[in-house]
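Structure file input-v1.pdb with PDB, C-alpha atoms:
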```
MODEL        1
ATOM      1  CA  MET A   1     247.702 188.310  71.569
ATOM      2  CA  SER A   2     251.437 188.688  71.779
ATOM      3  CA  LYS A   3     253.710 188.009  68.800
ATOM      4  CA  GLY A   4     255.363 185.144  70.684
ATOM      5  CA  ILE A   5     252.127 183.255  71.173
ATOM      6  CA  ILE A   6     251.047 183.834  67.571
ATOM      7  CA  SER A   7     254.450 182.682  66.327
ATOM      8  CA  LYS A   8     254.306 179.503  68.444
ATOM      9  CA  CYS A   9     250.751 178.737  67.277
ATOM     10  CA  CYS A  10     251.734 179.213  63.624
ATOM     11  CA  SER A  11     254.776 176.960  64.067
ATOM     12  CA  LEU A  12     252.670 174.269  65.715
ATOM     13  CA  LEU A  13     250.077 174.412  62.922
ATOM     14  CA  MET A  14     252.798 174.121  60.279
ATOM     15  CA  VAL A  15     254.321 171.058  61.960
ATOM     16  CA  LEU A  16     250.900 169.417  62.335
ATOM     17  CA  GLY A  17     250.117 170.178  58.706
ATOM     18  CA  LEU A  18     253.365 168.589  57.559
ATOM     19  CA  LEU A  19     252.759 165.462  59.630
ATOM     20  CA  ALA A  20     249.177 165.100  58.479
ATOM     21  CA  GLY A  21     250.261 165.195  54.849
ATOM     22  CA  CYS A  22     253.086 162.686  55.193
ATOM     23  CA  ALA A  23     251.161 159.413  54.978
ATOM     24  CA  THR A  24     248.736 158.112  52.394
ATOM     25  CA  ILE A  25     246.674 154.980  52.902
ATOM     26  CA  GLN A  26     244.253 153.812  50.268
ATOM     27  CA  THR A  27     242.164 150.656  50.420
ATOM     28  CA  ASP A  28     240.117 149.843  47.346
ATOM     29  CA  VAL A  29     237.456 147.147  47.308
ATOM     30  CA  ALA A  30     236.344 145.934  43.883
ATOM     31  CA  ASN A  31     232.745 146.766  43.049
ATOM     32  CA  GLY A  32     230.400 144.350  44.812
ATOM     33  CA  GLN A  33     233.272 142.395  46.385
ATOM     34  CA  SER A  34     234.170 141.584  49.975
ATOM     35  CA  LEU A  35     236.772 139.443  51.699
ATOM     36  CA  LYS A  36     234.082 137.862  53.878
ATOM     37  CA  LYS A  37     233.273 134.962  51.521
ATOM     38  CA  TYR A  38     236.869 133.697  51.404
ATOM     39  CA  LYS A  39     238.073 130.832  53.598
ATOM     40  CA  GLN A  40     241.692 130.128  52.575
ATOM     41  CA  ALA A  41     244.609 132.259  51.497
ATOM     42  CA  TYR A  42     247.966 131.601  49.901
ATOM     43  CA  LEU A  43     250.472 134.330  50.786
ATOM     44  CA  GLU A  44     253.129 134.676  48.093
ATOM     45  CA  PRO A  45     256.527 135.168  49.776
ATOM     46  CA  LEU A  46     259.101 137.585  48.391
ATOM     47  CA  PRO A  47     262.652 136.307  47.788
ATOM     48  CA  LYS A  48     263.952 139.147  49.980
ATOM     49  CA  ASP A  49     261.710 140.530  52.735
ATOM     50  CA  GLU A  50     263.782 143.051  54.653
ATOM     51  CA  PHE A  51     260.879 144.117  56.911
ATOM     52  CA  ASN A  52     259.423 140.667  57.655
ATOM     53  CA  MET A  53     256.149 141.651  56.049
ATOM     54  CA  TYR A  54     255.360 138.009  55.284
ATOM     55  CA  LYS A  55     255.204 137.204  58.985
ATOM     56  CA  ALA A  56     252.984 140.227  59.765
ATOM     57  CA  ILE A  57     250.581 139.579  56.867
ATOM     58  CA  PHE A  58     250.455 135.855  57.730
ATOM     59  CA  TRP A  59     249.505 136.729  61.314
ATOM     60  CA  GLU A  60     246.865 139.187  60.128
ATOM     61  CA  LEU A  61     245.307 136.711  57.691
ATOM     62  CA  ASN A  62     245.024 134.122  60.477
ATOM     63  CA  ASP A  63     243.520 136.661  62.853
ATOM     64  CA  MET A  64     240.978 137.644  60.187
ATOM     65  CA  GLY A  65     239.870 133.984  60.082
ATOM     66  CA  TYR A  66     241.643 132.662  56.980
ATOM     67  CA  LYS A  67     243.404 129.331  56.806
ATOM     68  CA  VAL A  68     246.779 130.223  55.297
ATOM     69  CA  VAL A  69     248.085 127.453  53.031
ATOM     70  CA  ALA A  70     251.731 126.716  52.299
ATOM     71  CA  SER A  71     251.633 126.437  48.499
ATOM     72  CA  PRO A  72     249.675 127.920  45.584
ATOM     73  CA  PHE A  73     246.279 126.394  44.884
ATOM     74  CA  LYS A  74     246.340 123.613  42.264
ATOM     75  CA  LYS A  75     242.563 123.666  41.780
ATOM     76  CA  PRO A  76     241.404 126.941  43.332
ATOM     77  CA  GLU A  77     237.844 127.370  44.495
ATOM     78  CA  ASP A  78     235.830 130.581  44.581
ATOM     79  CA  THR A  79     236.588 130.890  48.318
ATOM     80  CA  ASP A  80     240.394 130.895  47.858
ATOM     81  CA  LEU A  81     242.535 134.029  47.911
ATOM     82  CA  SER A  82     246.016 134.670  46.585
ATOM     83  CA  VAL A  83     247.664 137.443  48.572
ATOM     84  CA  SER A  84     250.753 139.254  47.320
ATOM     85  CA  TYR A  85     252.715 142.252  48.509
ATOM     86  CA  THR A  86     255.463 144.576  47.386
ATOM     87  CA  TYR A  87     257.375 147.263  49.254
ATOM     88  CA  GLU A  88     259.874 150.094  48.926
ATOM     89  CA  ALA A  89     262.447 150.944  51.555
ATOM     90  CA  GLY A  90     263.467 154.471  52.464
ATOM     91  CA  TRP A  91     266.363 155.983  54.362
ATOM     92  CA  ASP A  92     266.002 158.495  57.218
ATOM     93  CA  LEU A  93     269.027 157.869  59.440
ATOM     94  CA  ALA A  94     267.935 154.201  59.269
ATOM     95  CA  ARG A  95     266.152 151.952  56.775
ATOM     96  CA  TYR A  96     262.378 152.093  57.049
ATOM     97  CA  LEU A  97     259.315 150.796  55.246
ATOM     98  CA  GLN A  98     258.466 153.768  53.020
ATOM     99  CA  ALA A  99     255.710 152.289  50.860
ATOM    100  CA  PHE A 100     253.937 149.005  50.293
ATOM    101  CA  GLN A 101     250.967 147.424  48.590
ATOM    102  CA  ILE A 102     248.990 144.319  49.549
ATOM    103  CA  ARG A 103     246.711 142.693  46.955
ATOM    104  CA  PHE A 104     243.958 140.163  47.633
ATOM    105  CA  VAL A 105     243.012 138.272  44.457
ATOM    106  CA  ASN A 106     240.347 135.619  43.899
ATOM    107  CA  ALA A 107     242.539 132.566  43.188
ATOM    108  CA  MET A 108     239.987 131.009  40.837
ATOM    109  CA  THR A 109     239.146 134.053  38.673
ATOM    110  CA  ASP A 110     242.306 136.186  39.128
ATOM    111  CA  GLN A 111     239.995 139.117  39.920
ATOM    112  CA  VAL A 112     241.402 141.685  42.337
ATOM    113  CA  VAL A 113     239.141 141.828  45.395
ATOM    114  CA  VAL A 114     240.958 144.314  47.651
ATOM    115  CA  THR A 115     244.111 146.373  47.294
ATOM    116  CA  THR A 116     245.633 148.492  50.001
ATOM    117  CA  SER A 117     248.537 150.891  49.516
ATOM    118  CA  TYR A 118     250.568 152.837  52.047
ATOM    119  CA  ARG A 119     253.146 155.550  51.407
ATOM    120  CA  SER A 120     254.948 157.788  53.864
ATOM    121  CA  VAL A 121     258.124 159.783  53.605
ATOM    122  CA  GLY A 122     260.209 159.881  56.769
ATOM    123  CA  ILE A 123     260.412 157.655  59.775
ATOM    124  CA  TRP A 124     257.915 159.647  61.895
ATOM    125  CA  ARG A 125     255.386 156.755  61.921
ATOM    126  CA  GLY A 126     257.933 154.121  62.945
ATOM    127  CA  ALA A 127     260.080 151.861  60.834
ATOM    128  CA  ARG A 128     257.369 149.261  60.163
ATOM    129  CA  ASP A 129     254.730 148.365  62.761
ATOM    130  CA  GLY A 130     252.743 151.608  62.855
ATOM    131  CA  ARG A 131     252.552 151.635  59.073
ATOM    132  CA  LEU A 132     251.339 148.034  58.830
ATOM    133  CA  GLU A 133     248.872 148.650  61.656
ATOM    134  CA  ASP A 134     247.360 151.591  59.746
ATOM    135  CA  ALA A 135     247.039 149.544  56.547
ATOM    136  CA  PHE A 136     245.568 146.478  58.288
ATOM    137  CA  ASN A 137     243.056 148.658  60.119
ATOM    138  CA  SER A 138     242.070 150.267  56.826
ATOM    139  CA  ILE A 139     241.320 146.819  55.374
ATOM    140  CA  ARG A 140     239.521 145.734  58.529
ATOM    141  CA  SER A 141     237.316 148.834  58.626
ATOM    142  CA  GLN A 142     236.284 148.257  55.003
ATOM    143  CA  GLU A 143     235.286 144.711  55.949
ATOM    144  CA  GLY A 144     233.536 145.637  59.206
ATOM    145  CA  LEU A 145     236.156 143.889  61.348
ATOM    146  CA  PRO A 146     237.598 145.139  64.669
ATOM    147  CA  PRO A 147     241.066 146.754  64.669
ATOM    148  CA  THR A 148     244.172 144.603  64.544
ATOM    149  CA  LYS A 149     245.653 143.385  67.826
ATOM    150  CA  GLN A 150     248.985 142.452  66.288
ATOM    151  CA  PHE A 151     250.935 145.541  67.314
ATOM    152  CA  MET A 152     249.374 146.300  70.705
ATOM    153  CA  ASN A 153     252.628 145.660  72.573
ATOM    154  CA  SER A 154     254.989 146.836  69.846
ATOM    155  CA  ASN A 155     257.693 149.296  70.757
ATOM    156  CA  GLN A 156     258.324 150.201  67.077
ATOM    157  CA  ARG A 157     254.986 151.910  66.486
TER     158      ARG A 157
ENDMDL
END
```
If you took the structure in this file and wrote it as structure tokens, what would it be?
Amino acid sequence: MSKGIISKCCSLLMVLGLLAGCATIQTDVANGQSLKKYKQAYLEPLPKDEFNMYKAIFWELNDMGYKVVASPFKKPEDTDLSVSYTYEAGWDLARYLQAFQIRFVNAMTDQVVVTTSYRSVGIWRGARDGRLEDAFNSIRSQEGLPPTKQFMNSNQR
């Protein structure tokens, strides 16, 4: 092989290696738990939600079959979830969703059922939608659900 071809192949492998190592998604399901038994969810809004995560998580919860309620449960049942989220913003020529965590907690027992975390440095996976899509699909695959349809027509993937 010529040096030019070898050099190009090495460069391509380095770039692919860097991209593959840029994102981390982790979905943890508590031992013996599943989201399948839950019927309702209360999504705790953040005072400031720069990336409109509330809207995306709300949509996803509805699509997964949960009735999303407007206020915290006064007398929670064992089929009620409290869902919360946090995020960190990054800067790469524009603001982007660098990291986030979504927690699903049994509203009656305060036991964590599922937690998913996403972290990526750089805007290579889009400012928001591609990152949320990856995290939602991670949750859905753990629960045996089909992939999300929320971002099918998104131009910010």
Picked residues, the PyMOL selection byres ((chain A and resi 37) around 12), expected as an MDAnalysis selection string
chainID A and resid 32:36 38:41 64:66 77:81 106 113 143
Excluding stretch 47-54 of chain A and its own-chain neighbours fewer than 5 positions away, which residues fall within 10 Å of it when counting all atoms listed in the file? Please give them as a list in words.
Trp59, Glu60, Ser84, Tyr85, Thr86, Tyr87, Glu88, Ala89, Arg95, Tyr96, Leu97, Phe100, Ala127, Arg128, Asp129 and Leu132 of chain A
Give as a short mmCIF file (atom, residue, chain, number, x, y, z; two decimals) with C-alpha atoms, in the frame of the given file each residue that has an atom at most 10 Å from (243.1, 150.5, 53.9) in the file, counting only C-alpha atoms.
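Result saved to part.cif:
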```cif
data_model
loop_
_atom_site.label_atom_id
_atom_site.label_comp_id
_atom_site.auth_asym_id
_atom_site.auth_seq_id
_atom_site.Cartn_x
_atom_site.Cartn_y
_atom_site.Cartn_z
CA THR A 24 248.74 158.11 52.39
CA ILE A 25 246.67 154.98 52.90
CA GLN A 26 244.25 153.81 50.27
CA THR A 27 242.16 150.66 50.42
CA ASP A 28 240.12 149.84 47.35
CA VAL A 29 237.46 147.15 47.31
CA GLN A 101 250.97 147.42 48.59
CA ILE A 102 248.99 144.32 49.55
CA VAL A 114 240.96 144.31 47.65
CA THR A 115 244.11 146.37 47.29
CA THR A 116 245.63 148.49 50.00
CA SER A 117 248.54 150.89 49.52
CA TYR A 118 250.57 152.84 52.05
CA LEU A 132 251.34 148.03 58.83
CA GLU A 133 248.87 148.65 61.66
CA ASP A 134 247.36 151.59 59.75
CA ALA A 135 247.04 149.54 56.55
CA PHE A 136 245.57 146.48 58.29
CA ASN A 137 243.06 148.66 60.12
CA SER A 138 242.07 150.27 56.83
CA ILE A 139 241.32 146.82 55.37
CA ARG A 140 239.52 145.73 58.53
CA SER A 141 237.32 148.83 58.63
CA GLN A 142 236.28 148.26 55.00
CA GLU A 143 235.29 144.71 55.95
#
```
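For the residues A:Ala99, A:Leu145, A:Val121, A:Leu61, ranking by smallest atom-to-atom distance to A:Val83 using only C-alpha atoms places A:Leu61 first.
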So how far away is atom CA of A:Ser82 from atom CA of A:Ala56, in Å?
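Interatomic distance, atom CA of A:Ala56 to atom CA of A:Ser82: 15.9 Å.
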Atom CA of A:Ile57 and atom CA of A:Pro147, how far apart in Å?
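Taking atom CA of A:Pro147 as the start and atom CA of A:Ile57 as the end point, the length is 14.2 Å.
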Point out the residue among A:Asn31, A:Gln150, A:Gln111, A:Ser71 with the least atom-to-atom distance to A:Gly130, counting all atoms listed in the file.
A:Gln150
Length of the atom CA of A:Lys55 to atom CA of A:Arg119 vector [Å]
20.0 Å
Taking all atoms listed in the file into account, which of A:Met152, A:Met108, A:Ala70, A:Leu93 comes nearest A:Tyr42?
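With all atoms listed in the file as the atom set, the closest residue is A:Ala70.
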Missing atoms of stretch 47-58 of chain A rebuilt to N, CA and C atoms, written as an mmCIF file, in the coordinates of the input:
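Printed below is part04.cif as written:
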```
data_model
loop_
_atom_site.group_PDB
_atom_site.id
_atom_site.type_symbol
_atom_site.label_atom_id
_atom_site.label_comp_id
_atom_site.auth_asym_id
_atom_site.auth_seq_id
_atom_site.Cartn_x
_atom_site.Cartn_y
_atom_site.Cartn_z
ATOM 1 N N PRO A 47 261.325 136.901 47.596
ATOM 2 C CA PRO A 47 262.652 136.307 47.788
ATOM 3 C C PRO A 47 263.455 137.028 48.872
ATOM 4 N N LYS A 48 263.287 138.352 48.942
ATOM 5 C CA LYS A 48 263.952 139.147 49.980
ATOM 6 C C LYS A 48 262.873 139.977 50.662
ATOM 7 N N ASP A 49 262.750 139.840 51.976
ATOM 8 C CA ASP A 49 261.710 140.530 52.735
ATOM 9 C C ASP A 49 262.362 141.208 53.936
ATOM 10 N N GLU A 50 262.982 142.321 53.673
ATOM 11 C CA GLU A 50 263.782 143.051 54.653
ATOM 12 C C GLU A 50 263.002 143.450 55.913
ATOM 13 N N PHE A 51 261.689 143.641 55.785
ATOM 14 C CA PHE A 51 260.879 144.117 56.911
ATOM 15 C C PHE A 51 259.965 143.040 57.499
ATOM 16 N N ASN A 52 260.215 141.787 57.150
ATOM 17 C CA ASN A 52 259.423 140.667 57.655
ATOM 18 C C ASN A 52 257.920 140.895 57.487
ATOM 19 N N MET A 53 257.563 141.415 56.327
ATOM 20 C CA MET A 53 256.149 141.651 56.049
ATOM 21 C C MET A 53 255.372 140.344 55.940
ATOM 22 N N TYR A 54 256.030 139.312 55.423
ATOM 23 C CA TYR A 54 255.360 138.009 55.284
ATOM 24 C C TYR A 54 254.791 137.569 56.630
ATOM 25 N N LYS A 55 255.610 137.640 57.645
ATOM 26 C CA LYS A 55 255.204 137.204 58.985
ATOM 27 C C LYS A 55 254.013 138.037 59.493
ATOM 28 N N ALA A 56 254.060 139.346 59.296
ATOM 29 C CA ALA A 56 252.984 140.227 59.765
ATOM 30 C C ALA A 56 251.688 139.988 58.991
ATOM 31 N N ILE A 57 251.785 139.822 57.676
ATOM 32 C CA ILE A 57 250.581 139.579 56.867
ATOM 33 C C ILE A 57 250.013 138.202 57.182
ATOM 34 N N PHE A 58 250.884 137.207 57.350
ATOM 35 C CA PHE A 58 250.455 135.855 57.730
ATOM 36 C C PHE A 58 249.650 135.900 59.024
#
```
